[in-house]
Every structure is written in structure tokens, then in C-alpha cells.
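A.B. asks: See model.txt below, with compact mmCIF, C-alpha atoms and all ligand atoms.
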# COMPACT_ATOMS: atom_id res chain seq x y z
CA MET A 19 2.79 21.62 36.23
CA LYS A 20 1.76 19.45 39.15
CA THR A 21 1.03 21.62 42.16
CA SER A 22 0.59 18.76 44.59
CA LEU A 23 2.19 15.46 45.47
CA LYS A 24 0.26 12.24 46.05
CA LEU A 25 0.81 10.66 49.45
CA PHE A 26 -1.57 7.69 49.33
CA ALA A 27 -5.15 6.85 48.42
CA VAL A 28 -8.15 5.94 50.60
CA ARG A 29 -11.20 4.35 48.95
CA GLY A 30 -10.01 5.52 45.55
CA VAL A 31 -9.42 9.11 46.70
CA ASP A 32 -5.88 10.50 46.45
CA ILE A 33 -4.59 12.35 49.50
CA ARG A 34 -2.24 14.99 48.14
CA LEU A 35 0.15 17.55 49.64
CA HIS A 36 0.18 20.99 48.05
CA VAL A 37 3.70 22.19 47.12
CA THR A 38 3.39 24.99 49.68
CA PHE A 39 2.71 22.50 52.49
CA PRO A 40 6.32 22.45 53.85
CA LEU A 41 5.85 26.16 54.68
CA ILE A 42 3.50 25.28 57.56
CA LEU A 43 6.07 22.83 58.96
CA LEU A 44 8.77 25.48 58.63
CA TYR A 45 6.49 27.98 60.39
CA ALA A 46 5.83 25.48 63.19
CA ALA A 47 9.55 24.72 63.57
CA LEU A 48 10.31 28.46 63.83
CA GLN A 49 7.38 29.29 66.13
CA PHE A 50 8.22 26.55 68.64
CA GLY A 51 11.95 26.65 67.99
CA LEU A 52 12.20 30.32 69.04
CA VAL A 53 11.04 29.44 72.56
CA GLY A 54 12.25 25.87 72.83
CA GLY A 55 15.35 25.55 70.69
CA MET A 56 15.89 22.29 68.84
CA ALA A 57 13.46 20.36 71.07
CA GLY A 58 10.82 23.01 70.45
CA ALA A 59 11.35 22.96 66.69
CA LEU A 60 11.03 19.18 66.63
CA PHE A 61 7.91 19.40 68.80
CA GLY A 62 6.40 21.94 66.41
CA VAL A 63 6.97 19.79 63.34
CA VAL A 64 5.57 16.64 64.99
CA ALA A 65 2.57 18.48 66.52
CA VAL A 66 1.56 20.19 63.28
CA SER A 67 2.05 16.98 61.27
CA LEU A 68 -0.27 15.16 63.67
CA LEU A 69 -2.73 18.07 63.49
CA PHE A 70 -2.85 17.53 59.74
CA VAL A 71 -3.63 13.86 60.34
CA LEU A 72 -6.75 15.16 62.14
CA VAL A 73 -7.45 17.55 59.24
CA THR A 74 -7.20 14.59 56.85
CA LEU A 75 -9.60 12.55 58.99
CA HIS A 76 -12.00 15.54 58.93
CA GLU A 77 -11.86 15.61 55.12
CA LEU A 78 -12.31 11.83 54.99
CA GLY A 79 -15.50 12.38 57.01
CA HIS A 80 -16.83 14.60 54.20
CA THR A 81 -15.50 12.12 51.64
CA PHE A 82 -17.17 9.00 53.04
CA ALA A 83 -20.47 10.86 53.48
CA ALA A 84 -20.33 12.10 49.87
CA GLN A 85 -19.46 8.63 48.56
CA HIS A 86 -22.39 7.25 50.53
CA TYR A 87 -24.68 9.38 48.33
CA GLY A 88 -22.88 8.30 45.16
CA ILE A 89 -20.96 11.56 44.77
CA GLU A 90 -17.46 11.16 43.40
CA VAL A 91 -14.64 12.72 45.42
CA ARG A 92 -11.72 13.59 43.17
CA GLN A 93 -9.02 14.23 45.74
CA ILE A 94 -8.14 15.67 49.11
CA VAL A 95 -5.49 18.38 49.03
CA LEU A 96 -3.64 19.49 52.16
CA SER A 97 -2.18 23.00 52.13
CA PRO A 98 -0.95 25.32 54.91
CA LEU A 99 -4.52 26.70 55.11
CA GLY A 100 -6.02 23.29 55.82
CA GLY A 101 -7.58 20.51 53.79
CA VAL A 102 -10.04 20.47 50.92
CA ALA A 103 -12.05 17.47 49.77
CA GLN A 104 -12.89 18.14 46.12
CA LEU A 105 -16.35 16.84 45.31
CA SER A 106 -17.32 16.41 41.66
CA GLU A 107 -20.69 17.97 42.51
CA MET A 108 -22.77 19.11 45.44
CA PRO A 109 -25.95 17.16 46.16
CA ASP A 110 -29.26 18.76 45.17
CA LYS A 111 -30.97 17.42 48.26
CA PRO A 112 -30.48 19.66 51.33
CA ALA A 113 -30.60 16.65 53.68
CA GLN A 114 -27.60 15.12 51.88
CA GLU A 115 -25.64 18.37 51.94
CA LEU A 116 -26.40 18.60 55.65
CA VAL A 117 -24.95 15.16 56.34
CA ILE A 118 -21.88 15.72 54.12
CA ALA A 119 -21.10 19.09 55.72
CA ALA A 120 -21.65 17.85 59.26
CA ALA A 121 -19.56 14.70 58.77
CA GLY A 122 -16.27 16.68 58.89
CA PRO A 123 -16.71 18.35 62.30
CA ALA A 124 -18.34 15.13 63.57
CA VAL A 125 -15.02 13.34 63.02
CA ASN A 126 -13.24 15.96 65.15
CA PHE A 127 -15.79 15.53 67.95
CA ALA A 128 -15.34 11.76 67.74
CA ALA A 129 -11.56 12.24 67.93
CA ALA A 130 -12.03 14.50 70.99
CA ALA A 131 -14.13 11.80 72.65
CA VAL A 132 -11.46 9.16 72.00
CA MET A 133 -8.72 11.48 73.33
CA SER A 134 -10.78 12.20 76.45
CA ALA A 135 -11.24 8.47 77.04
CA VAL A 136 -7.48 7.90 76.64
CA ALA A 137 -6.72 10.74 79.06
CA LEU A 138 -9.22 9.43 81.59
CA ALA A 139 -7.79 5.93 81.36
CA THR A 140 -4.13 7.00 81.66
CA SER A 141 -4.18 10.01 84.00
CA GLY A 142 -7.63 9.78 85.58
CA SER A 143 -8.66 13.26 84.41
CA LEU A 144 -10.03 14.93 81.27
CA PRO A 145 -7.57 16.83 79.09
CA GLY A 146 -7.61 20.62 79.58
CA LEU A 147 -8.13 23.22 76.88
CA ASP A 148 -4.89 25.04 77.63
CA GLY A 149 -2.68 23.16 75.18
CA PHE A 150 -1.46 26.26 73.37
CA GLN A 151 1.59 26.92 75.52
CA PRO A 152 3.51 23.67 75.41
CA TRP A 153 6.69 25.59 76.31
CA GLN A 154 5.24 26.06 79.80
CA THR A 155 4.70 22.34 80.29
CA GLY A 156 7.76 21.12 78.45
CA PHE A 157 7.96 19.54 75.03
CA GLY A 158 6.94 16.09 76.15
CA LEU A 159 4.25 13.62 75.24
CA SER A 160 1.61 15.15 77.52
CA SER A 161 2.17 18.61 76.01
CA LEU A 162 1.77 17.11 72.57
CA PHE A 163 -1.46 15.47 73.66
CA GLY A 164 -2.77 18.73 75.13
CA TYR A 165 -1.86 20.66 72.00
CA LEU A 166 -3.65 18.19 69.73
CA PHE A 167 -6.72 18.01 71.97
CA THR A 168 -7.06 21.81 71.96
CA THR A 169 -6.39 22.40 68.26
CA ASN A 170 -8.68 19.52 67.25
CA LEU A 171 -11.62 21.10 69.08
CA LEU A 172 -10.71 24.51 67.70
CA LEU A 173 -10.78 22.98 64.23
CA ALA A 174 -14.29 21.64 64.83
CA PHE A 175 -15.71 24.90 66.17
CA PHE A 176 -14.00 27.07 63.57
CA ASN A 177 -15.47 24.94 60.79
CA LEU A 178 -18.89 25.29 62.37
CA LEU A 179 -18.86 29.09 61.92
CA PRO A 180 -22.10 29.77 60.00
CA ALA A 181 -20.32 31.20 56.95
CA PHE A 182 -19.35 29.93 53.50
CA PRO A 183 -17.12 28.17 52.66
CA MET A 184 -17.02 26.76 56.19
CA ASP A 185 -19.00 23.61 56.96
CA GLY A 186 -21.25 25.67 59.24
CA GLY A 187 -22.30 27.83 56.29
CA ARG A 188 -23.32 24.75 54.34
CA ILE A 189 -25.14 23.27 57.33
CA LEU A 190 -27.05 26.55 57.75
CA ARG A 191 -27.93 26.71 54.04
CA ALA A 192 -29.07 23.06 54.06
CA LEU A 193 -31.26 23.66 57.12
CA LEU A 194 -32.84 26.72 55.46
CA ALA A 195 -33.22 24.88 52.15
CA LEU A 196 -35.26 22.16 53.85
CA ARG A 197 -38.07 24.75 54.00
CA LEU A 198 -37.08 27.49 51.51
CA ASP A 199 -36.13 27.76 47.85
CA TYR A 200 -32.44 26.82 47.36
CA VAL A 201 -31.35 30.19 45.93
CA ARG A 202 -33.16 32.08 48.70
CA ALA A 203 -31.66 29.77 51.33
CA THR A 204 -28.20 30.41 49.89
CA ASN A 205 -28.69 34.18 49.88
CA LEU A 206 -29.86 34.12 53.49
CA ALA A 207 -26.93 31.92 54.55
CA ALA A 208 -24.54 34.19 52.63
CA GLY A 209 -25.97 37.19 54.52
CA VAL A 210 -25.38 35.48 57.86
CA GLY A 211 -21.85 34.61 56.67
CA ARG A 212 -21.11 38.23 55.78
CA ALA A 213 -22.34 39.37 59.21
CA ALA A 214 -20.15 36.73 60.88
CA ALA A 215 -17.19 37.87 58.76
CA VAL A 216 -17.69 41.52 59.78
CA ALA A 217 -17.91 40.51 63.45
CA LEU A 218 -14.75 38.40 63.11
CA GLY A 219 -12.96 41.24 61.28
CA LEU A 220 -13.90 43.79 63.95
CA TYR A 221 -12.75 41.41 66.66
CA GLY A 222 -9.48 40.98 64.74
CA LEU A 223 -9.10 44.77 64.46
CA TRP A 224 -9.80 45.20 68.16
CA THR A 225 -7.31 42.55 69.24
CA GLY A 226 -4.79 43.36 66.51
CA GLY A 227 -5.15 39.88 65.01
CA LEU A 228 -3.98 40.29 61.42
CA PHE A 229 -4.53 36.62 60.60
CA LEU A 230 -8.11 36.83 61.90
CA MET A 231 -8.75 39.89 59.71
CA LEU A 232 -7.45 38.03 56.66
CA ILE A 233 -9.75 35.10 57.38
CA ALA A 234 -12.67 37.51 57.86
CA TYR A 235 -11.98 39.05 54.44
CA PHE A 236 -11.77 35.55 52.90
CA ILE A 237 -15.11 34.55 54.45
CA PHE A 238 -16.76 37.81 53.36
CA THR A 239 -15.82 37.36 49.69
CA SER A 240 -16.71 33.65 49.76
CA ALA A 241 -20.31 34.50 50.69
CA GLY A 242 -20.77 36.41 47.42
CA ALA A 243 -19.05 33.66 45.42
CA GLU A 244 -21.45 31.02 46.75
CA SER A 245 -24.51 33.15 45.90
CA ARG A 246 -23.23 33.75 42.36
CA TYR A 247 -22.40 30.07 41.91
CA VAL A 248 -25.91 28.98 42.91
CA ARG A 249 -27.59 31.55 40.63
CA TYR A 250 -25.23 30.49 37.84
CA ARG A 251 -26.18 26.87 38.30
CA ARG A 252 -29.88 27.67 38.62
CA ALA A 253 -29.89 29.60 35.31
CA VAL A 254 -29.42 26.47 33.19
CA GLN A 255 -31.30 24.08 35.46
CA GLY A 256 -33.75 21.91 33.53
CA TYR A 257 -31.88 22.38 30.25
CA THR A 258 -30.15 19.45 28.60
CA VAL A 259 -27.65 19.02 25.80
CA GLN A 260 -30.39 18.65 23.20
CA HIS A 261 -31.58 22.21 23.84
CA VAL A 262 -28.38 23.81 22.61
CA TYR A 263 -26.02 21.45 20.76
CA SER A 264 -25.25 22.02 17.12
CA ALA A 265 -25.87 19.25 14.60
CA ALA A 266 -24.30 21.39 11.89
CA ALA A 267 -20.87 21.75 13.53
CA HIS A 268 -17.91 20.99 11.27
CA ARG A 269 -16.63 17.44 11.51
CA LEU A 270 -13.30 16.03 10.39
CA GLU A 271 -12.28 12.68 8.94
CA PRO A 272 -9.16 10.85 10.16
CA GLY A 273 -7.56 11.74 6.82
CA THR A 274 -8.18 15.50 7.14
CA THR A 275 -4.82 17.30 7.51
CA LEU A 276 -3.85 19.51 10.41
CA ARG A 277 -3.81 22.36 7.89
CA GLY A 278 -7.38 21.58 6.88
CA ALA A 279 -8.52 21.62 10.51
CA THR A 280 -6.73 24.93 11.12
CA ASP A 281 -8.38 26.51 8.08
CA LEU A 282 -11.79 25.43 9.37
CA MET A 283 -11.00 26.95 12.75
CA LEU A 284 -9.86 30.27 11.27
CA LEU A 285 -12.75 30.51 8.80
CA GLY A 286 -15.63 29.17 10.84
CA GLY A 287 -14.79 30.11 14.40
CA GLN A 288 -15.27 26.53 15.57
CA THR A 289 -12.39 25.66 17.88
CA SER A 290 -12.78 21.94 18.68
CA PHE A 291 -13.62 19.22 16.20
CA PRO A 292 -15.24 15.78 16.27
CA VAL A 293 -13.62 13.17 14.02
CA VAL A 294 -16.31 11.07 12.35
CA VAL A 295 -16.36 8.03 10.05
CA ASP A 296 -19.69 6.78 8.69
CA GLU A 297 -21.71 8.67 11.33
CA ALA A 298 -19.65 7.09 14.10
CA LEU A 299 -17.44 9.19 16.39
CA VAL A 300 -13.84 7.89 16.22
CA GLY A 301 -11.99 10.72 17.97
CA PHE A 302 -11.95 14.31 19.13
CA LEU A 303 -9.55 17.18 18.43
CA PRO A 304 -9.85 19.75 21.25
CA HIS A 305 -8.83 23.36 20.73
CA ALA A 306 -5.80 23.17 23.04
CA ASP A 307 -4.43 20.11 21.20
CA LEU A 308 -5.00 21.78 17.83
CA VAL A 309 -3.08 24.90 18.86
CA ARG A 310 -0.24 22.80 20.31
CA ASP A 311 -0.01 20.51 17.26
CA LEU A 312 -0.02 23.53 14.98
CA ARG A 313 3.38 24.51 16.38
CA ALA A 314 4.80 21.03 16.87
CA ARG A 315 3.66 18.99 13.87
CA PRO A 316 3.91 19.35 10.07
CA PRO A 317 0.77 20.87 8.47
CA TYR A 318 0.05 17.75 6.39
CA THR A 319 -0.19 15.45 9.43
CA PRO A 320 -3.52 13.58 9.28
CA VAL A 321 -5.95 14.33 12.09
CA GLY A 322 -6.22 10.58 12.75
CA GLU A 323 -2.71 10.73 14.23
CA LEU A 324 -3.47 13.72 16.45
CA MET A 325 -6.99 13.14 17.68
CA ARG A 326 -7.80 12.01 21.18
CA ARG A 327 -9.69 8.77 21.60
CA ASP A 328 -10.25 9.13 25.35
CA VAL A 329 -12.80 11.96 25.30
CA GLU A 330 -16.14 10.51 26.40
CA PRO A 331 -19.04 11.90 24.34
CA VAL A 332 -22.18 13.24 26.04
CA LEU A 333 -25.78 12.14 25.54
CA PRO A 334 -28.51 14.54 24.33
CA SER A 335 -30.36 13.94 27.61
CA GLU A 336 -27.49 15.04 29.90
CA GLU A 337 -27.95 18.07 32.16
CA LEU A 338 -26.16 21.15 30.86
CA PHE A 339 -24.66 22.06 34.20
CA ALA A 340 -23.08 18.61 34.59
CA VAL A 341 -21.67 18.87 31.05
CA GLU A 342 -20.29 22.31 31.83
CA GLN A 343 -18.65 20.99 35.01
CA ARG A 344 -17.05 18.19 32.99
CA MET A 345 -15.69 20.66 30.44
CA ALA A 346 -14.18 22.74 33.25
CA MET A 347 -12.66 19.66 34.85
CA GLU A 348 -11.20 18.29 31.61
CA ARG A 349 -10.25 21.76 30.33
CA LEU A 350 -12.28 21.38 27.13
CA ASP A 351 -14.38 24.05 25.40
CA ALA A 352 -16.61 21.54 23.62
CA LEU A 353 -17.74 17.89 23.71
CA PRO A 354 -19.09 15.59 21.00
CA VAL A 355 -22.71 14.43 21.29
CA VAL A 356 -23.54 10.78 20.58
CA ALA A 357 -26.89 8.97 20.75
CA GLY A 358 -27.37 5.25 20.15
CA GLY A 359 -23.82 4.90 18.86
CA ARG A 360 -24.39 7.59 16.24
CA TYR A 361 -22.56 10.93 16.13
CA GLU A 362 -25.15 13.69 16.57
CA GLY A 363 -23.25 16.95 16.90
CA LEU A 364 -21.15 19.19 19.09
CA ILE A 365 -21.92 21.11 22.27
CA THR A 366 -19.72 24.09 23.15
CA LEU A 367 -19.18 26.24 26.23
CA ASN A 368 -20.14 29.26 24.11
CA GLN A 369 -23.55 27.77 23.38
CA ILE A 370 -24.16 27.12 27.07
CA ASN A 371 -23.17 30.67 28.00
CA THR A 372 -25.35 32.10 25.23
CA LEU A 373 -28.30 30.14 26.60
CA ARG A 374 -27.52 31.45 30.06
CA ARG A 375 -27.53 35.05 28.80
CA LEU A 376 -30.83 34.45 27.04
CA VAL A 377 -32.59 32.92 30.04
CA ARG A 378 -31.08 35.23 32.63
CA GLY A 379 -30.66 38.39 30.61
CA ALA A 380 -27.40 38.79 32.43
CA SER A 381 -23.77 38.18 31.67
CA PRO A 382 -22.37 34.97 33.12
CA ALA A 383 -20.32 35.04 36.28
CA ALA A 384 -16.84 33.56 36.36
CA ALA A 385 -16.54 30.10 34.82
CA PRO A 386 -17.84 27.50 37.25
CA ARG A 387 -15.26 26.22 39.63
CA ALA A 388 -15.13 22.63 40.62
CA HIS A 389 -17.14 22.71 43.78
CA SER A 390 -15.71 21.72 47.09
CA THR A 391 -16.24 21.72 50.75
CA SER A 392 -13.31 23.14 52.55
CA THR A 393 -11.69 23.44 55.89
CA VAL A 394 -9.42 26.12 57.16
CA GLY A 395 -7.36 24.63 59.92
ZN ZN B 1 -15.04 20.47 56.70
Taking this structure as input, can you express it in the form of C-alpha cells?

C.D. replies:
Amino acid sequence: MKTSLKLFAVRGVDIRLHVTFPLILLYAALQFGLVGGMAGALFGVVAVSLLFVLVTLHELGHTFAAQHYGIEVRQIVLSPLGGVAQLSEMPDKPAQELVIAAAGPAVNFAAAAVMSAVALATSGSLPGLDGFQPWQTGFGLSSLFGYLFTTNLLLAFFNLLPAFPMDGGRILRALLALRLDYVRATNLAAGVGRAAAVALGLYGLWTGGLFLMLIAYFIFTSAGAESRYVRYRRAVQGYTVQHVYSAAAHRLEPGTTLRGATDLMLLGGQTSFPVVVDEALVGFLPHADLVRDLRARPPYTPVGELMRRDVEPVLPSEELFAVEQRMAMERLDALPVVAGGRYEGLITLNQINTLRRLVRGASPAAAPRAHSTSTVG
């Protein structure tokens, strides 16, 4: 099921609306409508929509910076909690992470500068930071301007909180990592993030701000997640496909029947299969497809009709972590290995996790998530 709707694309990156997005517009219509009637409701919807234009610009800041370093950005998703630019990977170099993380808030500061210039030119004074009560100033254009100016700056400062997954947390980690080991820098930054979360939570408790307490809880748990993620990634660093892939994995021919493939799966425990002709990879039958076809197709169907031809094989020299990320992204539990046009073997998620247990002596954390920088707006 699609959980988001594509609006448009910028530099090859889809801007998408999460299905829950209308809730924030509804909330805005109610919040402003209760004090301002129909005019208030309309004001709320327009103001929050424009606020999300600023959120999108913020995410595009991260996006352009990431693309500058050759990092692919898969999409930007807007939800009631804000925007998220989904990066295919985080840069290894702290200086690059610093620039990517700072680029988001920088866009908001640039927007604030432009708004200030417009205000100066039209009214001769700088906009105030009291834009939160538009019902006191009427639901006109100047109220809208004040509201956007205030929330835009709030967005910038909130994202600069030194806590994961906020931009400020990443900036802090990158600054520490310029001098310290990456894992140590992350742990230190996570500690600062937890302290900031506790302070925010206590402030929320003191002022009765339930929303603030929720955010504090979210920040507190994110600190641990970031530390685990970095240790998880570090565990297989320096290992490539050739360290763990299996040359002896079962292979199918296009003429093998679905029944034959199922028998191999049940007997051998191998769940995904390369389809090979004369040492050349011609297709791939992933576990999910096999299970689906088992219900939908007759057992004598040849694998050649079922196999996927769009699964890109990996090279023996590829980094394990990158391969693992690809499997997570494409929802596969294995990938075929090819070198010089020749089929070499199969690499599975199980093998990678076994290696991780061996080198770490610990059980793996949750499967790696696609990594992202995020904004709560
Ligand atoms: Zn951001």
C-alpha cells in the first residue's frame, strides 16, 4: 500500500505527502476556526500550508547539500510532524555531514533574511516575533506574514537543538567527529541529546506542555537508536561481499519448476535463488516472490516465467553495509554475486548477521533502517 502521494519532483527527488498530512490542515482549521470562525479556519489552512512550503525548502537544503557530495536522496516526505529527506546513506566524512545537516536550518535563516528585507521595504520596520496570535491582529496578510516569520525562525532553532535526530545533534556529532573516533563522537552527542531531552521533558512537565513531553520522549529514544545504528554499521566496516558470500548456494535454471524451487527451499533452508545459464546470471527469484507464486501459480510453472530480471547483482568488492542497506531498501533477503560477467554465488542477510555476531560477539540490533535526516516542524 502506498502511504504517500507524489506532489512533484525537484532535481530527481520526489516531494511526497504522507496520507496523514490532511490531519495537520484539519487541526489548523479547527485551532484558528475556534477563535476566528470561517475566516480563521481559512487563515489556518493557508498559514500551515505555507509553513510546509518552508519545511520543504528546509529539506531541499539538506537534499542539495547531499547531492553535492554525490549522495542519492530518495524522496522527501511531508507528514504532520514535519518533513524528512531520505538519504540513501550518510557521508563518512564529518565535514560533509556537518554541511548537509547545517544546510536545512541555513535555508530557514535565509528565508528569515528575505522576509525581513521585504518587511523593511514595505513597512519600514523589521517583523516582530509575536506572530502566534493572529486573532489579535486580524486574519489579514500582515498577520499571515508575522505568523510565517515567527514559525520559520522557530523551525530553525528547534532543529538546531543538539539532539538526534535533529539537525543540531548531527552538527554536534560531526564537530566532535572531526577530532574524535566516530562511535565515540556519536555516543557523546547521544549523551548531550538525552540531557537536552530530559531538560525539555521537565520543562514540559512544569508548564503542562503535553506535546513538549512527547517530543522529549521521542528525542530521548532517538539518541539510543543513533548510537546502536553507528555501532551496527561499525561492526561490519571493512568487510566486503567476498568475505561472506556462498559460492555453493543452490542455483536454478530457467526450466526448473516452481515445485522444484520450493523443494529446494524446504530441504536446504535457502530462501532466494539465482537463475543461472552457462555460468551467467539470467534472473533472480527472491523469497517473497517464491512464496507469492506458490499460492498463485501452478507448481509446474518454469522459474524462467517467474524470475525477476531487474535485480542488480553485487560485486565481490562491495562493502557489506552498503549491500545490507540495498537489501533493506529493496526488501530482499539475498542478492546474487557476479564478477566479470560470471555468476559467482549468493550473499544473504543471514550471512551478514552471522558475521556481525562473530566479530561483535553480540546479537544484532534491529535491522538497519534507511538513514535519514529529519525535521520536526
Ligand atoms: Zn533538517

A.B. asks: Using all atoms listed in the file, which residues sit within 9 Å of Thr274 in chain A once same-chain residues fewer than 4 positions away are excluded, as a PyMOL selection string?

C.D. replies: chain A and resi 270+278-279+318-322

A.B. asks: Identify which of the residues A:Pro109, A:Met184, A:Arg246, A:Phe157 lies closest to Ala57 in chain A, counting all atoms listed in the file when measuring atom-to-atom distances.

C.D. replies: A:Phe157

A.B. asks: At a cut-off of 9 Å, using only C-alpha atoms, what residues contact Met325 in chain A? Leave out same-chain residues fewer than 5 positions from it and give the result as a list in words.

C.D. replies: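 Here the answer would be Pro272, Pro292, Val293, Val300, Gly301, Phe302, Leu303, Pro304, Asp307 and Leu308 of chain A.
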
A.B. asks: Would you work out the distance separating CA of Met345 in chain A from CA of Ile370 in chain A, expressed in Å to one decimal?

C.D. replies: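 The value is 11.2 Å.
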
A.B. asks: CA of Gly55 in chain A and CA of Ser160 in chain A are how many Å apart?

C.D. replies: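 Rounded to one decimal, the two atoms are 18.5 Å apart.
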
A.B. asks: Taking only residues of chain A that have an atom at most 12 Å from an atom of ligand ZN 1 (chain B), what is each one's shortest atom pair and its distance in Å to one decimal, using all atoms listed in the file, in chain and number order, as a tab-separated table?

C.D. replies:
residue	atom	partner	partner_atom	distance
A:Leu72	CA	B:ZN1	ZN	11.2
A:Val73	CA	B:ZN1	ZN	8.5
A:Thr74	CA	B:ZN1	ZN	9.8
A:Leu75	CA	B:ZN1	ZN	9.9
A:His76	CA	B:ZN1	ZN	6.2
A:Glu77	CA	B:ZN1	ZN	6.0
A:Leu78	CA	B:ZN1	ZN	9.2
A:Gly79	CA	B:ZN1	ZN	8.1
A:His80	CA	B:ZN1	ZN	6.6
A:Thr81	CA	B:ZN1	ZN	9.8
A:Ala83	CA	B:ZN1	ZN	11.5
A:Ile94	CA	B:ZN1	ZN	11.3
A:Gly100	CA	B:ZN1	ZN	9.5
A:Gly101	CA	B:ZN1	ZN	8.0
A:Val102	CA	B:ZN1	ZN	7.6
A:Ala103	CA	B:ZN1	ZN	8.1
A:Gln104	CA	B:ZN1	ZN	11.0
A:Glu115	CA	B:ZN1	ZN	11.8
A:Leu116	CA	B:ZN1	ZN	11.6
A:Val117	CA	B:ZN1	ZN	11.2
A:Ile118	CA	B:ZN1	ZN	8.7
A:Ala119	CA	B:ZN1	ZN	6.3
A:Ala120	CA	B:ZN1	ZN	7.6
A:Ala121	CA	B:ZN1	ZN	7.6
A:Gly122	CA	B:ZN1	ZN	4.5
A:Pro123	CA	B:ZN1	ZN	6.2
A:Ala124	CA	B:ZN1	ZN	9.3
A:Val125	CA	B:ZN1	ZN	9.5
A:Asn126	CA	B:ZN1	ZN	9.7
A:Leu173	CA	B:ZN1	ZN	9.0
A:Ala174	CA	B:ZN1	ZN	8.2
A:Phe175	CA	B:ZN1	ZN	10.5
A:Phe176	CA	B:ZN1	ZN	9.6
A:Asn177	CA	B:ZN1	ZN	6.1
A:Leu178	CA	B:ZN1	ZN	8.4
A:Leu179	CA	B:ZN1	ZN	10.8
A:Ala181	CA	B:ZN1	ZN	12.0
A:Phe182	CA	B:ZN1	ZN	10.9
A:Pro183	CA	B:ZN1	ZN	8.9
A:Met184	CA	B:ZN1	ZN	6.6
A:Asp185	CA	B:ZN1	ZN	5.1
A:Gly186	CA	B:ZN1	ZN	8.5
A:Gly187	CA	B:ZN1	ZN	10.3
A:Arg188	CA	B:ZN1	ZN	9.6
A:Ile189	CA	B:ZN1	ZN	10.5
A:Ser390	CA	B:ZN1	ZN	9.7
A:Thr391	CA	B:ZN1	ZN	6.2
A:Ser392	CA	B:ZN1	ZN	5.2
A:Thr393	CA	B:ZN1	ZN	4.5
A:Val394	CA	B:ZN1	ZN	8.0
A:Gly395	CA	B:ZN1	ZN	9.3

A.B. asks: Would you mind telling me which residue in A:Phe26, A:Ser97, A:Leu194, A:Glu323 lies nearest to Asp311 in chain A when using all atoms listed in the file?

C.D. replies: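 Among the listed residues, the smallest separation from Asp311 in chain A belongs to A:Glu323.
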
A.B. asks: Determine, counting all atoms listed in the file, which protein, DNA and RNA residues have an atom within 9 Å of an atom of Leu282 in chain A; residues of the same chain fewer than 6 positions away are not included. Present the result as a PDB file with C-alpha atoms, in the coordinates of the input.

C.D. replies:
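Produced file selection03.pdb, reproduced below:
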ATOM      1  CA  HIS A 268     -17.910  20.990  11.270  1.00  0.00           C
ATOM      2  CA  GLN A 288     -15.270  26.530  15.570  1.00  0.00           C
ATOM      3  CA  THR A 289     -12.390  25.660  17.880  1.00  0.00           C
TER       4      THR A 289
END
